[in-house]
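Asks: Sharing input_8.txt (compact mmCIF, C-alpha atoms and all ligand atoms) below.
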```txt
# COMPACT_ATOMS: atom_id res chain seq x y z
CA MET A 284 90.14 101.36 97.12
CA ILE A 285 88.03 98.18 97.54
CA ARG A 286 89.82 95.21 96.03
CA PRO A 287 87.83 92.39 94.41
CA LEU A 288 87.19 89.42 96.68
CA ARG A 289 89.39 86.47 95.70
CA THR A 290 86.53 84.06 95.12
CA VAL A 291 87.17 80.36 94.65
CA ILE A 292 84.27 78.29 93.34
CA VAL A 293 84.60 74.56 93.99
CA ASN A 294 82.38 72.14 92.11
CA GLY A 295 82.33 68.64 93.64
CA SER A 296 80.72 67.08 90.57
CA LEU A 297 82.50 64.20 88.85
CA HIS A 298 80.58 64.64 85.60
CA ARG A 299 80.19 66.98 82.64
CA PRO A 300 77.87 68.66 81.93
CA SER A 301 77.19 69.41 85.58
CA ARG A 302 73.91 70.65 87.03
CA THR A 303 75.87 71.80 90.07
CA GLN A 304 77.98 74.03 87.81
CA VAL A 305 74.82 75.72 86.49
CA LEU A 306 73.77 76.49 90.06
CA LEU A 307 77.25 77.74 90.97
CA ASP A 308 77.37 79.99 87.88
CA ALA A 309 74.01 81.51 88.83
CA LEU A 310 75.24 82.21 92.37
CA ARG A 311 78.42 83.79 91.01
CA ASP A 312 76.51 86.00 88.56
CA SER A 313 74.03 87.09 91.19
CA LEU A 314 76.80 87.91 93.67
CA ASN A 315 78.70 89.78 90.96
CA ASP A 316 75.76 92.21 90.68
CA HIS A 317 76.59 93.41 94.20
CA LEU A 318 80.30 92.87 94.78
CA ALA A 319 83.56 92.98 92.85
CA LEU A 320 84.82 89.41 92.56
CA HIS A 321 87.99 87.89 91.18
CA VAL A 322 86.82 84.37 90.39
CA HIS A 323 88.79 81.13 90.17
CA HIS A 324 86.91 77.93 89.28
CA ILE A 325 87.95 74.53 90.58
CA GLU A 326 86.20 71.45 89.21
CA LEU A 327 86.84 68.21 91.03
CA VAL A 328 86.48 66.31 87.76
CA ASN A 329 89.67 68.06 86.53
CA LEU A 330 91.68 66.76 89.51
CA LEU A 331 91.00 63.11 88.75
CA PRO A 332 92.31 60.48 88.99
CA GLU A 333 95.38 61.64 90.97
CA LEU A 334 93.44 63.34 93.76
CA GLY A 335 91.99 60.05 95.01
CA ALA A 336 95.40 58.41 95.34
CA ALA A 337 97.15 61.29 97.13
CA LEU A 338 97.46 61.17 100.92
CA SER A 339 99.29 64.50 101.08
CA THR A 340 99.54 67.62 98.92
CA ASP A 341 103.16 66.72 98.05
CA ALA A 342 101.87 63.66 96.23
CA LEU A 343 99.59 65.75 93.99
CA PRO A 344 100.37 67.02 90.48
CA THR A 345 101.05 70.75 90.18
CA ASP A 346 97.56 71.75 89.02
CA ALA A 347 95.96 70.05 92.02
CA GLN A 348 98.50 71.69 94.35
CA HIS A 349 97.52 75.06 92.83
CA ALA A 350 93.86 74.25 93.45
CA ILE A 351 94.61 73.52 97.12
CA LYS A 352 96.58 76.79 97.46
CA ALA A 353 93.79 78.75 95.77
CA ILE A 354 91.25 77.35 98.26
CA GLU A 355 93.53 78.09 101.21
CA ASN A 356 94.09 81.69 100.05
CA ALA A 357 90.50 82.52 99.11
CA ASP A 358 88.68 85.54 100.54
CA LEU A 359 85.41 83.75 99.72
CA LEU A 360 84.59 80.14 98.90
CA ILE A 361 81.51 79.02 97.03
CA VAL A 362 81.22 75.26 97.34
CA GLY A 363 78.70 73.23 95.37
CA THR A 364 78.27 69.49 95.32
CA PRO A 365 76.08 66.80 93.88
CA ILE A 366 74.57 64.44 96.43
CA PHE A 367 75.91 60.89 96.19
CA ARG A 368 74.29 58.18 98.30
CA ALA A 369 72.76 60.64 100.74
CA GLY A 370 75.99 62.57 101.27
CA ILE A 371 78.75 64.57 99.61
CA PRO A 372 81.07 62.68 97.22
CA GLY A 373 83.96 61.05 99.07
CA LEU A 374 86.45 62.73 96.74
CA LEU A 375 85.17 66.19 97.65
CA LYS A 376 85.67 65.37 101.33
CA HIS A 377 89.13 64.04 100.43
CA LEU A 378 89.99 67.37 98.74
CA PHE A 379 89.12 69.21 101.95
CA ASP A 380 91.03 66.61 104.01
CA LEU A 381 94.13 67.94 102.22
CA ILE A 382 93.42 71.57 103.10
CA ASP A 383 95.49 73.07 105.95
CA MET A 384 93.23 72.93 108.99
CA ASN A 385 93.91 76.59 109.89
CA ALA A 386 93.73 78.08 106.40
CA LEU A 387 89.97 78.67 106.23
CA ASN A 388 89.58 80.22 109.67
CA GLY A 389 87.07 83.07 109.21
CA THR A 390 86.72 82.52 105.45
CA PRO A 391 83.13 83.05 104.32
CA VAL A 392 81.67 80.01 102.56
CA LEU A 393 78.52 79.90 100.47
CA LEU A 394 77.03 76.40 100.29
CA ALA A 395 75.15 74.78 97.40
CA ALA A 396 74.11 71.29 96.34
CA THR A 397 72.11 69.47 93.71
CA GLY A 398 70.39 66.11 94.00
CA GLY A 399 68.00 63.85 92.13
CA SER A 400 65.12 64.90 94.40
CA GLN A 401 64.35 67.13 97.40
CA ARG A 402 64.92 64.15 99.72
CA HIS A 403 68.54 65.06 100.48
CA ALA A 404 68.36 68.87 100.59
CA LEU A 405 69.47 68.91 104.23
CA VAL A 406 72.85 67.38 103.36
CA ILE A 407 73.91 71.04 103.08
CA GLU A 408 73.10 71.48 106.76
CA HIS A 409 74.28 68.18 108.19
CA GLN A 410 77.41 67.55 106.10
CA LEU A 411 78.66 70.69 104.36
CA ARG A 412 78.05 73.18 107.16
CA PRO A 413 79.72 71.00 109.85
CA LEU A 414 82.73 70.44 107.56
CA PHE A 415 83.30 74.21 107.35
CA SER A 416 82.52 74.63 111.05
CA PHE A 417 85.49 72.34 111.65
CA PHE A 418 87.61 74.83 109.69
CA GLN A 419 86.05 77.68 111.74
CA SER A 420 84.88 79.22 108.50
CA LEU A 421 82.05 81.69 108.30
CA THR A 422 79.31 79.70 106.58
CA LEU A 423 76.79 82.11 105.07
CA PRO A 424 73.24 82.11 106.39
CA ILE A 425 71.41 79.92 103.89
CA GLY A 426 72.48 77.41 101.28
CA VAL A 427 70.87 76.61 97.93
CA TYR A 428 69.68 73.19 96.76
CA ALA A 429 68.39 72.30 93.30
CA THR A 430 66.95 69.22 91.58
CA PRO A 431 66.32 68.25 87.94
CA GLU A 432 62.91 69.97 88.32
CA ASP A 433 64.79 73.29 88.60
CA ILE A 434 67.47 73.00 85.92
CA HIS A 435 66.91 71.81 82.33
CA ASP A 436 69.60 71.61 79.67
CA GLY A 437 71.91 73.91 81.58
CA VAL A 438 69.25 76.54 82.31
CA ILE A 439 67.47 77.37 85.56
CA THR A 440 63.79 77.02 84.74
CA SER A 441 62.27 77.35 88.18
CA ASP A 442 61.12 80.71 89.58
CA ALA A 443 61.30 79.25 93.08
CA LEU A 444 65.01 78.47 92.64
CA GLN A 445 65.70 81.92 91.15
CA GLN A 446 64.00 83.52 94.14
CA HIS A 447 65.91 81.33 96.57
CA ILE A 448 69.19 82.32 94.91
CA GLN A 449 68.23 85.99 95.30
CA ARG A 450 67.33 85.47 98.97
CA THR A 451 70.62 83.67 99.57
CA ILE A 452 72.64 86.44 97.92
CA ASN A 453 70.68 89.20 99.70
CA LEU A 454 71.58 87.61 103.03
CA ALA A 455 75.20 87.01 102.05
CA VAL A 456 75.99 90.47 100.63
CA PRO A 457 76.05 92.50 103.90
CA VAL A 458 78.33 89.89 105.48
CA LEU A 459 80.65 89.95 102.47
CA GLN A 460 80.72 93.74 102.41
CA GLY A 461 81.90 93.55 106.02
CA VAL A 462 84.58 91.05 105.02
CA GLN A 463 85.69 93.32 102.17
CA ALA A 464 85.91 96.30 104.54
CA ARG A 465 87.98 94.25 107.01
CA LEU A 466 90.39 93.17 104.23
CA LEU A 467 90.79 96.81 103.25
CA GLN A 468 91.56 97.71 106.85
CA ASP A 469 94.12 94.86 107.12
CA THR A 470 95.84 96.07 103.93
CA ALA A 471 95.97 99.64 105.27
CA VAL A 472 97.52 98.45 108.56
CA THR A 473 100.12 96.35 106.69
CA GLN A 474 101.01 99.32 104.47
CA GLU A 475 101.27 101.59 107.53
CA GLN A 476 103.58 99.12 109.27
CA ALA A 477 105.76 98.82 106.14
CA ALA A 478 106.05 102.66 105.78
C1 LIG A 501 76.63 57.74 92.29
C2 LIG A 501 75.45 58.68 92.41
C3 LIG A 501 74.72 58.69 93.57
C4 LIG A 501 73.64 59.58 93.74
N1 LIG A 501 72.95 59.59 94.91
C5 LIG A 501 71.96 60.49 95.10
C6 LIG A 501 71.29 60.56 96.35
O1 LIG A 501 71.56 59.83 97.28
N2 LIG A 501 70.32 61.52 96.50
C7 LIG A 501 69.98 62.38 95.49
O2 LIG A 501 69.11 63.23 95.68
N3 LIG A 501 70.60 62.32 94.27
C8 LIG A 501 71.58 61.41 94.07
N4 LIG A 501 72.24 61.36 92.86
C9 LIG A 501 71.86 62.31 91.80
C10 LIG A 501 72.82 63.50 91.72
O3 LIG A 501 73.05 64.07 93.00
C11 LIG A 501 72.20 64.60 90.86
O4 LIG A 501 71.93 64.10 89.58
C12 LIG A 501 73.11 65.81 90.76
O5 LIG A 501 72.36 66.92 90.34
C13 LIG A 501 74.28 65.59 89.82
O6 LIG A 501 75.04 66.77 89.80
P1 LIG A 501 76.06 67.11 88.60
O7 LIG A 501 75.24 67.17 87.34
O8 LIG A 501 76.63 68.42 88.98
O9 LIG A 501 77.07 66.01 88.58
C14 LIG A 501 73.28 60.46 92.67
C15 LIG A 501 74.04 60.43 91.48
C16 LIG A 501 75.10 59.56 91.35
C17 LIG A 501 75.90 59.55 90.07
```
Could you render the structure as structure tokens?

Replies:
Amino acid sequence: MIRPLRTVIVNGSLHRPSRTQVLLDALRDSLNDHLALHVHHIELVNLLPELGAALSTDALPTDAQHAIKAIENADLLIVGTPIFRAGIPGLLKHLFDLIDMNALNGTPVLLAATGGSQRHALVIEHQLRPLFSFFQSLTLPIGVYATPEDIHDGVITSDALQQHIQRTINLAVPVLQGVQARLLQDTAVTQEQAA
């Protein structure tokens, strides 16, 4: 039997309410129409202020250590971030600096970002994608970027963004079905070896 993908959604926003969260929720819901997911949400804002002061996972409080473990053990990561000063927030990078460098090898990662304008849409391509390339993760074909023109009062109001989300999910689903099939195979082999 297919088991739900352990999906960890990381929001790099430091504020509430968060436009990035709205985008991440839409991606999750759209993906859920195609695949069984077991979702765990991690919001960077909940890991403050201790995260910034910790130079190793040992120095983190338990909830932040659990967040790190959840990321390391995910079958699928969905990472969304606001753009700060033409890049990703330093604290989001710091969170991933604490992740075991081998833990995300082959993990599929869906990328998303929100900014004040279209000007920094390519931060997804020149900062987020290279970060997960370092981890040898499987970044999914296209990322999604949104601005205040697209999201009002917690609701996606732009048809263009809705269509882009659909396109992103349509490209991601076949890859994730392959990942799910591989996980199933791995489980069967482990069970066979244990028998
Ligand atoms: C400190 C700070 C710096 C920002 N710098 C940029 C920027 O360089 N480019 C941009 O497009 N938006 C910038 N923004 C706007 C945020 O990226 C945007 O409002 C984002 O959608 C906020 O996401 P959130 O609601 O999930 O926190 C900045 C916002 C803050 C607070």

Asks: Select, from A:Phe415, A:Thr340, A:Thr397, A:Met384, the residue with the minimum atom-to-atom distance to Asp433 in chain A, counting only C-alpha atoms.

Replies: A:Thr397

Asks: Any residue with an atom at most 10 Å from ligand LIG 501 (chain A) counts, using all atoms listed in the file. Which are they? Put them as a short mmCIF file (atom, residue, chain, number, x, y, z; two decimals) with C-alpha atoms, keeping the file's coordinate frame.

Replies:
```
data_model
loop_
_atom_site.label_atom_id
_atom_site.label_comp_id
_atom_site.auth_asym_id
_atom_site.auth_seq_id
_atom_site.Cartn_x
_atom_site.Cartn_y
_atom_site.Cartn_z
CA ASN A 294 82.38 72.14 92.11
CA GLY A 295 82.33 68.64 93.64
CA SER A 296 80.72 67.08 90.57
CA LEU A 297 82.50 64.20 88.85
CA HIS A 298 80.58 64.64 85.60
CA ARG A 299 80.19 66.98 82.64
CA PRO A 300 77.87 68.66 81.93
CA SER A 301 77.19 69.41 85.58
CA ARG A 302 73.91 70.65 87.03
CA THR A 303 75.87 71.80 90.07
CA GLN A 304 77.98 74.03 87.81
CA VAL A 305 74.82 75.72 86.49
CA LEU A 306 73.77 76.49 90.06
CA LEU A 307 77.25 77.74 90.97
CA VAL A 328 86.48 66.31 87.76
CA GLY A 363 78.70 73.23 95.37
CA THR A 364 78.27 69.49 95.32
CA PRO A 365 76.08 66.80 93.88
CA ILE A 366 74.57 64.44 96.43
CA PHE A 367 75.91 60.89 96.19
CA ARG A 368 74.29 58.18 98.30
CA ALA A 369 72.76 60.64 100.74
CA GLY A 370 75.99 62.57 101.27
CA ILE A 371 78.75 64.57 99.61
CA PRO A 372 81.07 62.68 97.22
CA ALA A 396 74.11 71.29 96.34
CA THR A 397 72.11 69.47 93.71
CA GLY A 398 70.39 66.11 94.00
CA GLY A 399 68.00 63.85 92.13
CA SER A 400 65.12 64.90 94.40
CA GLN A 401 64.35 67.13 97.40
CA ARG A 402 64.92 64.15 99.72
CA HIS A 403 68.54 65.06 100.48
CA ALA A 404 68.36 68.87 100.59
CA VAL A 406 72.85 67.38 103.36
CA TYR A 428 69.68 73.19 96.76
CA ALA A 429 68.39 72.30 93.30
CA THR A 430 66.95 69.22 91.58
CA PRO A 431 66.32 68.25 87.94
CA ILE A 434 67.47 73.00 85.92
CA GLY A 437 71.91 73.91 81.58
#
```

Asks: How many Å separate CA of His349 in chain A from CA of Ile325 in chain A?

Replies: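 For CA of His349 in chain A relative to CA of Ile325 in chain A, the distance reads 9.8 Å.
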
Asks: Could you state the separation of CA of Ile285 in chain A and CA of Leu459 in chain A in Å, given to one decimal place?

Replies: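 Taking CA of Ile285 in chain A and CA of Leu459 in chain A, their separation equals 12.1 Å.
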
Asks: Could you jot down the CA of Gln474 in chain A to CA of Thr290 in chain A separation for me, Å, one decimal place?

Replies: 23.0 Å

Asks: Counting only C-alpha atoms, figure out which residue out of A:Asp358, A:Ala309, A:Ile382, A:His317 gets nearest to Leu338 in chain A.

Replies: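 Between A:Asp358, A:Ala309, A:Ile382, A:His317, the residue approaching Leu338 in chain A most closely is A:Ile382.
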
Asks: Using all atoms of range 410-415 of chain A listed in the file and a margin of 6 Å per side, can you give the axis-aligned box centre and edge lengths in Å to one decimal, as AutoDock Vina command-line options?

Replies:
```
--center_x 80.4 --center_y 70.9 --center_z 107.1 --size_x 17.9 --size_y 18.7 --size_z 17.5
```

Asks: Which residue, A:Leu343, A:Arg286, A:Glu355, A:Thr440, has the smallest gap to Gln460 in chain A when you use only C-alpha atoms?

Replies: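 Checking each candidate against Gln460 in chain A, we get A:Arg286 as the closest.
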
Asks: A:Ala357, A:Gly389, A:Gly426, A:Thr473: which is nearest Gln449 in chain A, counting all atoms listed in the file?

Replies: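 Among the listed residues, A:Gly426 lies closest to Gln449 in chain A.
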
Asks: Quick one: residues within 12 Å of Arg412 in chain A, only C-alpha atoms, excluding same-chain residues fewer than 4 positions away - as a list in words?

Replies: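 Counting only C-alpha atoms, the residues come to Val362, Gly363, Ile371, Pro391, Val392, Leu393, Leu394, Ala395, Ala396, Leu405, Val406, Ile407, Glu408, Ser416, Phe417, Phe418, Gln419, Ser420, Leu421, Thr422, Leu423, Pro424, Ile425 and Gly426 of chain A.
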
Asks: Which is closer to Leu360 in chain A than all the others in A:Glu326, A:Thr390, A:Glu432, A:Thr470, using only C-alpha atoms?

Replies: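 Among the listed residues, A:Thr390 lies closest to Leu360 in chain A.
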
Asks: Measuring atom to atom with all atoms listed in the file, identify which of A:Val458, A:Leu331, A:Ala464, A:Leu288 is nearest to Asn315 in chain A.

Replies: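 Under the stated criterion, the closest residue is A:Leu288.
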
Asks: Using all atoms listed in the file - which residues lie no farther than 9 Å from the point (87.7, 76.2, 87.3) in the file's frame? Write them as a list in words.

Replies: Val291, Ile292, Val293, Asn294, Val322, His323, His324, Ile325, Glu326, Leu327, Asn329 and Ala350 of chain A
